[in-house]
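Below: final-v2.txt (compact mmCIF, C-alpha atoms)
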# COMPACT_ATOMS: atom_id res chain seq x y z
CA MET P 174 253.42 111.23 184.42
CA ASP P 175 254.21 110.56 180.77
CA HIS P 176 254.07 106.97 179.71
CA THR P 177 254.80 105.08 176.53
CA SER P 178 251.99 103.96 174.32
CA ASN P 179 251.78 100.42 173.01
CA ASP P 180 248.19 100.35 171.95
CA ASN P 181 247.29 99.52 168.35
CA GLU P 182 243.74 100.62 167.92
CA SER P 183 241.97 103.16 165.72
CA PRO P 184 243.68 106.53 165.67
CA GLU P 185 240.57 108.56 164.88
CA GLY P 186 239.54 109.37 168.41
CA ARG P 187 243.07 109.87 169.49
CA ARG P 188 243.56 112.77 167.12
CA GLY P 189 240.55 114.52 168.56
CA PHE P 190 241.74 113.74 171.98
CA LEU P 191 245.20 115.04 171.28
CA LYS P 192 243.66 118.28 170.12
CA CYS P 193 242.03 118.63 173.51
CA MET P 194 245.23 117.79 175.27
CA ALA P 195 247.33 120.14 173.18
CA MET P 196 246.05 123.04 175.23
CA ALA P 197 247.24 121.34 178.34
CA GLY P 198 250.70 120.24 177.29
CA ALA P 199 251.59 117.29 179.48
CA GLY P 200 248.99 114.67 180.23
CA THR P 201 248.32 110.98 180.31
CA LEU P 202 245.53 108.97 178.77
CA TRP P 203 244.63 105.88 180.71
CA LEU P 204 242.83 103.05 178.96
CA MET P 205 241.48 100.33 181.18
CA LYS P 206 240.59 96.90 179.84
CA GLY P 207 239.26 94.22 182.08
CA GLY P 208 240.93 95.77 185.07
CA VAL P 209 244.30 96.24 183.43
CA LEU P 210 245.49 99.78 182.93
CA GLN P 211 247.34 100.92 179.84
CA ALA P 212 249.07 104.24 179.99
CA HIS P 213 249.60 106.42 176.95
CA GLY P 214 251.96 109.30 176.65
CA LEU P 215 250.22 112.05 174.75
CA ALA P 216 253.36 113.18 173.00
CA ASP P 217 253.84 110.00 170.97
CA GLY P 218 251.30 110.49 168.22
CA ASN P 219 251.66 107.27 166.23
CA ALA P 220 249.68 104.66 168.10
CA GLY P 221 245.91 104.85 168.18
CA ILE P 222 243.49 104.52 171.02
CA ALA P 223 240.00 103.11 170.92
CA ALA P 224 238.13 106.31 171.54
CA PRO P 225 235.92 106.76 168.43
CA ASP P 226 233.25 104.52 169.87
CA ALA P 227 233.29 106.22 173.23
CA THR P 228 229.71 106.50 174.38
CA PHE P 229 230.37 109.33 176.76
CA SER P 230 232.99 110.95 178.90
CA PHE P 231 233.06 112.72 182.21
CA VAL P 232 235.60 114.78 184.07
CA GLN P 233 236.90 114.48 187.61
CA VAL P 234 238.09 117.53 189.50
CA SER P 235 239.26 117.43 193.10
CA ASP P 236 240.54 119.31 196.12
CA SER P 237 239.74 122.87 195.07
CA HIS P 238 240.32 124.05 198.69
CA ILE P 239 238.53 127.37 198.16
CA GLY P 240 239.56 129.56 201.09
CA PHE P 241 243.21 128.47 201.08
CA HIS P 242 245.36 131.54 200.49
CA LYS P 243 248.98 130.70 201.12
CA GLU P 244 251.99 129.52 199.20
CA PRO P 245 252.22 127.90 196.75
CA ASN P 246 248.84 129.13 195.48
CA MET P 247 247.47 132.52 196.46
CA ASP P 248 244.64 132.19 193.94
CA VAL P 249 242.92 128.84 194.34
CA ALA P 250 239.71 130.31 192.92
CA GLY P 251 241.59 131.24 189.75
CA SER P 252 243.12 127.81 189.29
CA PHE P 253 239.76 126.11 189.98
CA ARG P 254 238.19 128.41 187.37
CA ASP P 255 240.89 127.37 184.87
CA CYS P 256 240.27 123.69 185.55
CA LEU P 257 236.51 124.09 185.16
CA ALA P 258 237.01 125.95 181.87
CA ARG P 259 239.25 123.16 180.64
CA ALA P 260 236.77 120.52 181.75
CA THR P 261 233.82 122.30 180.20
CA HIS P 262 235.48 122.93 176.87
CA GLN P 263 236.73 119.43 176.20
CA ARG P 264 235.93 118.61 172.59
CA SER P 265 234.12 115.47 173.68
CA ARG P 266 231.65 117.52 175.77
CA PRO P 267 231.74 115.62 179.04
CA ASP P 268 228.30 114.61 180.26
CA PHE P 269 229.02 115.64 183.82
CA ILE P 270 231.71 116.56 186.32
CA LEU P 271 232.57 114.70 189.52
CA HIS P 272 234.17 116.72 192.29
CA THR P 273 235.85 114.31 194.68
CA GLY P 274 235.91 116.53 197.74
CA ASP P 275 237.65 119.26 199.67
CA LEU P 276 235.65 121.81 197.76
CA THR P 277 236.56 124.26 200.52
CA HIS P 278 239.44 124.66 202.93
CA LEU P 279 237.49 125.38 206.12
CA SER P 280 233.81 124.58 205.41
CA ARG P 281 232.88 128.25 205.67
CA PRO P 282 229.60 129.34 204.07
CA GLU P 283 231.34 131.97 201.96
CA GLU P 284 233.76 129.34 200.66
CA PHE P 285 230.86 127.09 199.63
CA ASP P 286 229.25 130.16 198.01
CA THR P 287 232.40 130.72 195.94
CA VAL P 288 232.50 127.09 194.80
CA ALA P 289 228.87 127.22 193.69
CA GLN P 290 229.44 130.53 191.92
CA LEU P 291 232.56 129.32 190.07
CA VAL P 292 230.84 126.15 188.91
CA ARG P 293 227.76 128.11 187.80
CA ASP P 294 229.80 130.73 185.96
CA SER P 295 231.90 128.13 184.13
CA GLY P 296 228.87 126.77 182.32
CA ALA P 297 229.92 123.33 183.53
CA PRO P 298 227.58 120.43 182.90
CA HIS P 299 225.80 118.81 185.83
CA THR P 300 228.29 118.53 188.67
CA LEU P 301 228.13 115.93 191.42
CA TYR P 302 230.08 116.07 194.66
CA VAL P 303 231.29 114.04 197.60
CA PRO P 304 232.69 115.84 200.66
CA GLY P 305 236.28 115.88 201.83
CA GLU P 306 237.27 116.24 205.46
CA HIS P 307 237.71 119.97 204.86
CA ASP P 308 234.02 120.23 203.93
CA VAL P 309 232.65 118.78 207.16
CA ILE P 310 234.48 120.88 209.77
CA GLY P 311 232.35 121.82 212.76
CA ASP P 312 228.98 120.63 211.47
CA ASN P 313 229.56 117.06 210.22
CA GLY P 314 228.90 118.28 206.71
CA ALA P 315 225.44 119.83 207.29
CA GLU P 316 226.27 122.88 205.18
CA PHE P 317 227.90 120.75 202.46
CA PHE P 318 224.98 118.32 202.21
CA LYS P 319 222.43 121.15 202.22
CA ARG P 320 224.09 122.76 199.21
CA PHE P 321 225.79 119.95 197.29
CA GLY P 322 224.27 116.71 198.54
CA GLU P 323 222.33 114.37 196.28
CA LYS P 324 219.90 113.64 199.14
CA GLN P 325 219.31 110.01 198.25
CA ALA P 326 220.14 108.54 201.65
CA ASP P 327 220.40 110.02 205.14
CA GLY P 328 224.16 109.46 205.21
CA GLY P 329 224.69 111.42 201.97
CA TRP P 330 225.97 108.54 199.82
CA TYR P 331 224.31 107.93 196.45
CA SER P 332 224.40 106.04 193.18
CA PHE P 333 223.16 106.54 189.65
CA ASP P 334 223.27 104.86 186.29
CA HIS P 335 224.60 106.64 183.27
CA ARG P 336 224.57 105.02 179.85
CA GLY P 337 225.30 101.54 181.08
CA VAL P 338 227.78 102.46 183.80
CA HIS P 339 226.82 102.36 187.49
CA PHE P 340 228.28 105.22 189.55
CA VAL P 341 228.52 105.17 193.34
CA GLY P 342 229.43 108.20 195.47
CA LEU P 343 230.66 107.23 198.94
CA ILE P 344 231.37 109.31 202.05
CA ASN P 345 234.50 108.35 204.00
CA VAL P 346 235.28 111.55 205.92
CA LEU P 347 232.77 111.38 208.77
CA ASN P 348 232.82 109.68 212.18
CA LEU P 349 236.55 109.14 211.93
CA LYS P 350 237.95 107.17 214.84
CA ALA P 351 240.98 108.20 216.90
CA GLY P 352 244.04 106.60 215.38
CA GLY P 353 242.11 105.54 212.30
CA LEU P 354 241.86 106.42 208.62
CA GLY P 355 238.87 107.26 206.46
CA PHE P 356 235.69 105.49 207.48
CA LEU P 357 232.65 104.22 205.59
CA GLY P 358 230.74 102.71 208.49
CA PRO P 359 228.34 99.76 208.73
CA ASP P 360 225.27 101.68 207.52
CA GLN P 361 226.96 102.79 204.33
CA LEU P 362 228.47 99.35 203.71
CA ALA P 363 225.04 97.75 204.13
CA TRP P 364 223.62 100.26 201.67
CA LEU P 365 226.44 99.58 199.19
CA LYS P 366 225.91 95.84 199.34
CA LYS P 367 222.20 96.30 198.66
CA ASP P 368 222.81 98.87 195.93
CA LEU P 369 225.13 96.56 194.00
CA ALA P 370 223.19 93.34 194.56
CA PRO P 371 220.85 93.55 191.54
CA LEU P 372 223.63 94.45 189.09
CA SER P 373 225.11 91.97 186.66
CA ALA P 374 228.83 91.36 187.06
CA SER P 375 229.38 92.81 183.58
CA THR P 376 228.11 96.26 184.60
CA PRO P 377 231.05 98.68 184.62
CA LEU P 378 231.31 100.38 188.01
CA VAL P 379 232.79 103.73 188.92
CA VAL P 380 233.10 104.27 192.66
CA PHE P 381 234.23 107.65 193.94
CA ALA P 382 235.01 109.05 197.38
CA HIS P 383 237.37 111.65 198.78
CA MET P 384 239.93 109.66 200.75
CA PRO P 385 241.69 106.78 199.00
CA LEU P 386 239.69 103.56 199.23
CA TRP P 387 242.98 101.65 199.39
CA ASN P 388 245.67 102.03 201.97
CA LEU P 389 248.09 104.22 200.10
CA TYR P 390 250.06 105.54 203.08
CA GLU P 391 248.58 104.88 206.47
CA SER P 392 250.89 106.98 208.60
CA TRP P 393 249.62 110.06 206.77
CA GLY P 394 246.05 108.83 207.00
CA TRP P 395 245.86 108.05 203.28
CA GLY P 396 243.44 105.18 203.34
CA THR P 397 240.07 104.00 204.61
CA ASP P 398 239.70 101.71 207.63
CA ASP P 399 236.88 99.56 206.28
CA SER P 400 237.50 99.77 202.54
CA ALA P 401 238.39 96.05 202.47
CA GLU P 402 234.76 95.26 203.29
CA ALA P 403 233.61 97.44 200.38
CA MET P 404 236.08 95.65 198.09
CA THR P 405 234.43 92.31 198.86
CA TYR P 406 231.26 93.68 197.23
CA LEU P 407 233.13 95.11 194.24
CA LYS P 408 235.39 92.26 193.30
CA ARG P 409 232.76 90.18 191.45
CA PHE P 410 232.47 92.93 188.83
CA GLY P 411 234.51 92.76 185.65
CA SER P 412 235.45 96.43 185.55
CA VAL P 413 235.67 98.65 188.60
CA THR P 414 237.25 102.09 188.57
CA VAL P 415 237.78 103.81 191.92
CA LEU P 416 238.37 107.57 191.81
CA ASN P 417 239.64 109.43 194.86
CA GLY P 418 241.16 112.78 195.76
CA HIS P 419 242.74 113.84 199.06
CA VAL P 420 246.41 113.23 198.24
CA HIS P 421 246.78 116.00 195.61
CA GLN P 422 248.76 113.85 193.20
CA VAL P 423 248.26 111.00 190.78
CA GLN P 424 248.67 107.54 192.28
CA GLN P 425 247.36 104.28 190.85
CA LYS P 426 246.97 100.71 191.88
CA VAL P 427 245.43 97.64 190.26
CA GLU P 428 243.92 94.92 192.39
CA GLY P 429 242.25 92.20 190.31
CA THR P 430 239.60 93.94 188.22
CA VAL P 431 239.62 97.00 190.47
CA THR P 432 241.73 99.96 189.42
CA PHE P 433 242.31 102.79 191.87
CA HIS P 434 243.25 106.31 190.89
CA THR P 435 243.84 109.42 192.93
CA ALA P 436 243.58 112.83 191.27
CA ARG P 437 245.60 115.99 191.30
CA SER P 438 244.25 118.96 193.21
CA THR P 439 243.12 122.09 191.43
CA ALA P 440 244.71 124.08 194.28
CA TYR P 441 248.12 122.84 195.41
CA PRO P 442 250.28 119.70 195.32
CA GLN P 443 251.23 117.53 198.29
CA PRO P 444 254.42 115.51 198.70
CA ALA P 445 254.79 111.92 197.60
CA PRO P 446 254.00 109.41 200.37
CA GLY P 447 256.50 109.67 203.20
CA VAL P 448 258.55 112.43 201.61
CA GLY P 449 259.01 115.14 204.24
CA PRO P 450 257.50 115.55 207.69
CA GLY P 451 253.83 115.53 206.76
CA PRO P 452 251.17 115.77 204.07
CA GLY P 453 250.88 119.58 204.00
CA PRO P 454 251.05 121.79 200.90
CA LEU P 455 254.17 121.28 198.80
CA LYS P 456 255.69 124.75 198.77
CA ASP P 457 259.15 123.94 197.54
CA ILE P 458 258.35 123.95 193.84
CA VAL P 459 260.06 125.82 191.05
CA ALA P 460 258.54 129.27 190.55
CA GLY P 461 256.03 129.29 187.73
CA SER P 462 255.63 125.52 187.70
CA LEU P 463 252.57 125.25 189.94
CA LYS P 464 250.24 124.53 187.05
CA HIS P 465 252.15 121.36 186.23
CA TYR P 466 250.94 120.01 189.55
CA LEU P 467 247.29 120.94 189.16
CA GLY P 468 244.78 119.39 186.88
CA VAL P 469 241.62 117.73 185.83
CA ARG P 470 240.83 114.19 184.77
CA GLU P 471 238.64 113.12 181.90
CA VAL P 472 237.17 109.64 181.76
CA ARG P 473 235.68 108.15 178.59
CA HIS P 474 233.49 105.13 178.49
CA VAL P 475 234.07 102.94 175.46
CA ARG P 476 231.03 100.99 174.35
CA GLY P 477 231.37 97.21 174.41
CA ALA P 478 234.91 97.22 175.70
CA GLN P 479 233.88 97.62 179.33
CA ALA P 480 236.83 99.85 179.63
CA LEU P 481 237.26 103.35 180.81
CA ALA P 482 239.99 105.57 179.47
CA VAL P 483 241.24 107.87 182.17
CA ALA P 484 243.17 110.93 181.05
CA GLU P 485 245.20 113.11 183.32
CA GLU P 486 245.45 116.69 182.29
CA ALA P 487 247.74 119.09 184.04
CA LEU P 488 246.98 122.78 183.85
CA ALA P 489 250.27 123.45 182.14
CA MET C 82 236.10 129.84 214.34
CA ARG C 83 235.02 132.62 216.62
CA MET C 84 236.31 130.76 219.66
CA GLY C 85 239.55 130.03 217.86
CA MET C 86 240.03 133.67 216.96
CA MET C 87 239.21 134.76 220.47
CA ALA C 88 241.66 132.24 221.75
CA SER C 89 244.25 133.60 219.28
CA ALA C 90 243.58 137.12 220.47
CA LEU C 91 243.94 135.95 224.05
CA ALA C 92 247.15 134.17 223.22
CA LEU C 93 248.48 137.31 221.56
CA ALA C 94 247.46 139.37 224.57
CA TRP C 95 249.15 136.82 226.78
CA MET C 96 252.29 136.92 224.65
CA ALA C 97 252.22 140.72 224.79
CA THR C 98 251.94 140.51 228.57
CA VAL C 99 254.84 138.12 228.73
CA SER C 100 257.04 140.25 226.50
CA ASN C 101 256.11 143.35 228.51
CA ALA C 102 256.95 141.44 231.65
CA MET C 103 260.26 140.41 230.14
CA ALA C 104 260.98 143.94 229.03
CA ALA C 105 260.26 145.29 232.50
CA LYS C 106 262.50 143.03 234.48
CA ALA C 107 261.25 144.29 237.80
CA THR C 108 257.92 142.57 237.18
CA PRO C 109 258.07 138.81 237.80
CA SER C 110 257.29 137.14 234.49
CA ALA C 111 254.18 134.99 234.33
CA PRO C 112 255.00 131.30 234.15
CA PRO C 113 254.37 130.00 230.63
CA GLY C 114 251.11 128.06 230.54
CA PRO C 115 251.01 124.49 229.35
CA ARG C 116 251.01 124.51 225.58
CA VAL C 117 250.56 121.99 222.81
CA GLU C 118 251.79 122.92 219.37
CA ILE C 119 250.27 121.32 216.31
CA GLN C 120 252.84 120.99 213.57
CA ASN C 121 253.45 118.60 210.70
CA PHE C 122 250.26 116.72 211.53
CA ALA C 123 251.31 115.96 215.11
CA PHE C 124 250.55 117.21 218.62
CA MET C 125 253.69 118.24 220.46
CA PRO C 126 254.22 117.14 223.10
CA LYS C 127 252.20 114.04 222.39
CA THR C 128 251.58 113.57 226.12
CA LEU C 129 251.33 116.59 228.38
CA THR C 130 251.08 116.26 232.16
CA VAL C 131 249.57 119.20 234.07
CA PRO C 132 248.22 119.88 237.57
CA ALA C 133 244.44 120.06 237.98
CA GLY C 134 243.09 123.51 237.17
CA SER C 135 245.55 124.12 234.34
CA LYS C 136 244.51 125.87 231.18
CA VAL C 137 246.03 124.04 228.21
CA VAL C 138 246.49 126.01 225.01
CA TRP C 139 246.76 124.33 221.61
CA THR C 140 248.11 126.34 218.67
CA ASN C 141 247.94 125.16 215.08
CA LEU C 142 251.15 125.94 213.18
CA ASP C 143 250.21 123.90 210.09
CA GLU C 144 248.72 125.23 206.86
CA GLU C 145 246.13 122.50 207.25
CA PRO C 146 243.24 123.06 209.63
CA HIS C 147 242.96 120.76 212.63
CA ILE C 148 240.30 120.06 215.26
CA VAL C 149 241.20 119.10 218.84
CA THR C 150 238.66 116.40 219.60
CA SER C 151 238.24 114.52 222.87
CA ALA C 152 238.34 110.77 222.28
CA GLY C 153 236.03 110.02 225.19
CA GLY C 154 234.01 113.20 225.42
CA GLY C 155 236.03 114.24 228.48
CA PHE C 156 236.40 117.84 227.36
CA ALA C 157 234.90 120.25 224.83
CA ASN C 158 236.13 119.94 221.25
CA SER C 159 237.78 122.88 219.53
CA PRO C 160 236.30 124.49 216.45
CA GLY C 161 238.29 124.09 213.23
CA LEU C 162 241.65 125.74 213.88
CA ASP C 163 243.16 127.54 210.92
CA THR C 164 246.85 128.42 210.77
CA ASN C 165 247.97 130.16 214.00
CA ASP C 166 244.56 129.76 215.63
CA SER C 167 244.61 128.65 219.25
CA TYR C 168 242.16 126.86 221.48
CA SER C 169 242.25 126.46 225.22
CA PHE C 170 240.54 124.31 227.78
CA THR C 171 240.88 124.35 231.56
CA PHE C 172 241.14 120.88 233.05
CA SER C 173 239.74 120.93 236.58
CA LYS C 174 239.44 117.19 237.25
CA PRO C 175 242.38 114.78 237.45
CA GLY C 176 242.39 112.06 234.82
CA THR C 177 243.79 110.97 231.47
CA TYR C 178 242.24 112.76 228.51
CA ALA C 179 242.95 111.18 225.14
CA TYR C 180 242.26 113.32 222.11
CA TYR C 181 242.78 113.34 218.35
CA CYS C 182 242.15 115.47 215.29
CA SER C 183 238.71 114.54 213.96
CA ILE C 184 239.72 115.27 210.35
CA HIS C 185 243.20 113.70 210.54
CA PRO C 186 242.50 110.94 213.04
CA MET C 187 246.01 109.52 212.91
CA MET C 188 246.97 112.57 214.98
CA MET C 189 246.59 111.62 218.63
CA GLY C 190 247.59 113.16 221.94
CA THR C 191 246.97 112.82 225.67
CA ILE C 192 246.57 115.31 228.50
CA VAL C 193 247.28 113.80 231.92
CA VAL C 194 245.75 115.91 234.68
CA GLN C 195 247.14 115.22 238.18
Mind turning this structure into structure tokens?
Amino acid sequence: MDHTSNDNESPEGRRGFLKCMAMAGAGTLWLMKGGVLQAHGLADGNAGIAAPDATFSFVQVSDSHIGFHKEPNMDVAGSFRDCLARATHQRSRPDFILHTGDLTHLSRPEEFDTVAQLVRDSGAPHTLYVPGEHDVIGDNGAEFFKRFGEKQADGGWYSFDHRGVHFVGLINVLNLKAGGLGFLGPDQLAWLKKDLAPLSASTPLVVFAHMPLWNLYESWGWGTDDSAEAMTYLKRFGSVTVLNGHVHQVQQKVEGTVTFHTARSTAYPQPAPGVGPGPGPLKDIVAGSLKHYLGVREVRHVRGAQALAVAEEALA
Amino acid sequence: MRMGMMASALALAWMATVSNAMAAKATPSAPPGPRVEIQNFAFMPKTLTVPAGSKVVWTNLDEEPHIVTSAGGGFANSPGLDTNDSYSFTFSKPGTYAYYCSIHPMMMGTIVVQ
């Protein structure tokens, strides 16, 4: 995921950022301006990136799958702990962490206990969650919402404002229909429409949910049935960043002013769309290279630019 | 999960019975029950036709958990099935029973009971 830099802005923040990334080795810094993504390889140290005026940053982690104990990762708790340590010790001190779902593998109480314990022990800043389909097995998410829900609305979805950016956490892993994909549902869509209505079009938006809110690969269920309806509410905004998990790899798409990203898992990688028989764990990886496939994502908000810089950080 | 584990234990017991039966050739071997395997995010066979009164056994061979979920409420849903967990349901009434996995809804199957 290395890309070439062509940005010409102040180098000051980039140096600091590179220091953070040095621990990680490979990584990519994403700078979004007006809906257009610019990718920056972290190895090419000459060009600068407009980070000194960043007002804040946050980190995305995803798909920790606590409870999974097979190849290629027999220690998903250990790799989640590493990711949290990395997230917590970023030089820029992220204001909070977003976990975009599949905290657990099987929604078992002891798995949720482990997640809570690992987050607590890491000294992580405030952490917000949305459930993945692995977190709602058997009880439609009752256990998840009891422990990790924001409890703003009956359906579990929520929003908040943070230093000029409006964040929306959506749930698209419940009430899934036979033959369908992820599902938001009419109640949540009505809430979203109402939630966004008072905002000015210049408000930067970050929308996060577990399953991709764009149809990345339908035959593996990588999409959301009614995401197009949600997009009609988002498209009037000048800067929309959509963060998802579920697919255990980095994928991006730009659609007008909306930029979609999926995150790596902190547990195990999955194959690229359509490669192999199904979207199960990718086991056929070179021994010792697992950490290249795992990672965290840091997002910085840059004041005035209405742009978010999204950095991918692999664990190795 | 408890049901799934019980079902697994039953399946193992059943397999043990079958292998014992095969080992002791004098004993007529029990006919294999109707089975659906879950592998690579698919139910196999996708459509299974059985006589009324049959006990259908689903076994999850994926690393991912799956949930056998009736599309029309025609039979009881399984709990979350971890790798190698099984679930069974006895279909007493003829009919067509569509089902899917409620966490991977692109996975669909049908049991036709005659």
Checklist entry - Near Leu349 (chain P), counting only C-alpha atoms, which residues have an atom at most 10 Å away, once you skip same-chain residues fewer than 6 positions from it, shown as a ChimeraX atom specification? => result /P:306,355-358,397-398 /C:181-187
Item to check | Between CA of Ser159 (chain C) and CA of Lys136 (chain C) - distance in Å to one decimal | outcome: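 Here the two named atoms are 13.8 Å from each other.
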Checklist entry - How many Å separate CA of Gly418 (chain P) from CA of Asp327 (chain P)? => result 22.9 Å
Checklist entry - Which chain P residues are at most 9 Å from chain C (counting only C-alpha atoms), as a list of chain:residue names? => result P:Phe241, P:Lys243, P:His278, P:Leu279, P:Glu306, P:His307, P:Val309, P:Ile310, P:Gly311, P:Val346, P:Leu347, P:Asn348, P:Leu349, P:Lys350, P:Ala351, P:Gly352, P:Gly353, P:Leu354, P:Gly355, P:Glu391, P:Ser392, P:Trp393, P:Gly394, P:Pro450, P:Gly451, P:Pro452, P:Gly453, P:Pro454
Item to check | Point-to-point distance in Å for CA of Gly449 (chain P) and CA of Glu244 (chain P) | outcome: 16.8 Å
Checklist entry - Given the choices C:Pro115, C:Ser167, C:Leu142, C:Ala157, which gets closest to Thr130 (chain C) if the distance is worked out from all atoms listed in the file? => result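 That would be C:Pro115, the residue with the smallest distance to Thr130 (chain C).
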Checklist entry - Which residues, written as a list in words, have at least one atom at most 12 Å from Lys319 (chain P), with all atoms listed in the file counted and residues fewer than 3 positions away on the same chain left out? => result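 Within the cut-off, the hits are Pro282, Phe285, Tyr302, Pro304, Asp308, Val309, Asp312, Asn313, Gly314, Ala315, Glu316, Gly322, Glu323, Lys324, Asp327 and Gly329 of chain P.
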Non-local contacts of region 116-118 of chain C (7 Å; all atoms listed in the file; under 4 positions in same chain excluded) as an mmCIF file with C-alpha atoms, keeping the file's coordinate frame:
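File out-v8.cif, as written:
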data_model
loop_
_atom_site.group_PDB
_atom_site.id
_atom_site.type_symbol
_atom_site.label_atom_id
_atom_site.label_comp_id
_atom_site.auth_asym_id
_atom_site.auth_seq_id
_atom_site.Cartn_x
_atom_site.Cartn_y
_atom_site.Cartn_z
ATOM 1 C CA PHE C 124 250.550 117.210 218.620
ATOM 2 C CA MET C 125 253.690 118.240 220.460
ATOM 3 C CA PRO C 126 254.220 117.140 223.100
ATOM 4 C CA VAL C 137 246.030 124.040 228.210
ATOM 5 C CA VAL C 138 246.490 126.010 225.010
ATOM 6 C CA TRP C 139 246.760 124.330 221.610
ATOM 7 C CA THR C 140 248.110 126.340 218.670
ATOM 8 C CA ASN C 141 247.940 125.160 215.080
ATOM 9 C CA LEU C 142 251.150 125.940 213.180
#
Can you sort out the box for region 348-364 of chain P, edges along x, y and z, all listed atoms in, 8 Å on every side, with centre and edge lengths in Å to one decimal, as lines of an AutoDock Vina configuration file?
center_x = 233.8
center_y = 103.7
center_z = 209.3
size_x = 36.4
size_y = 27.9
size_z = 31.2
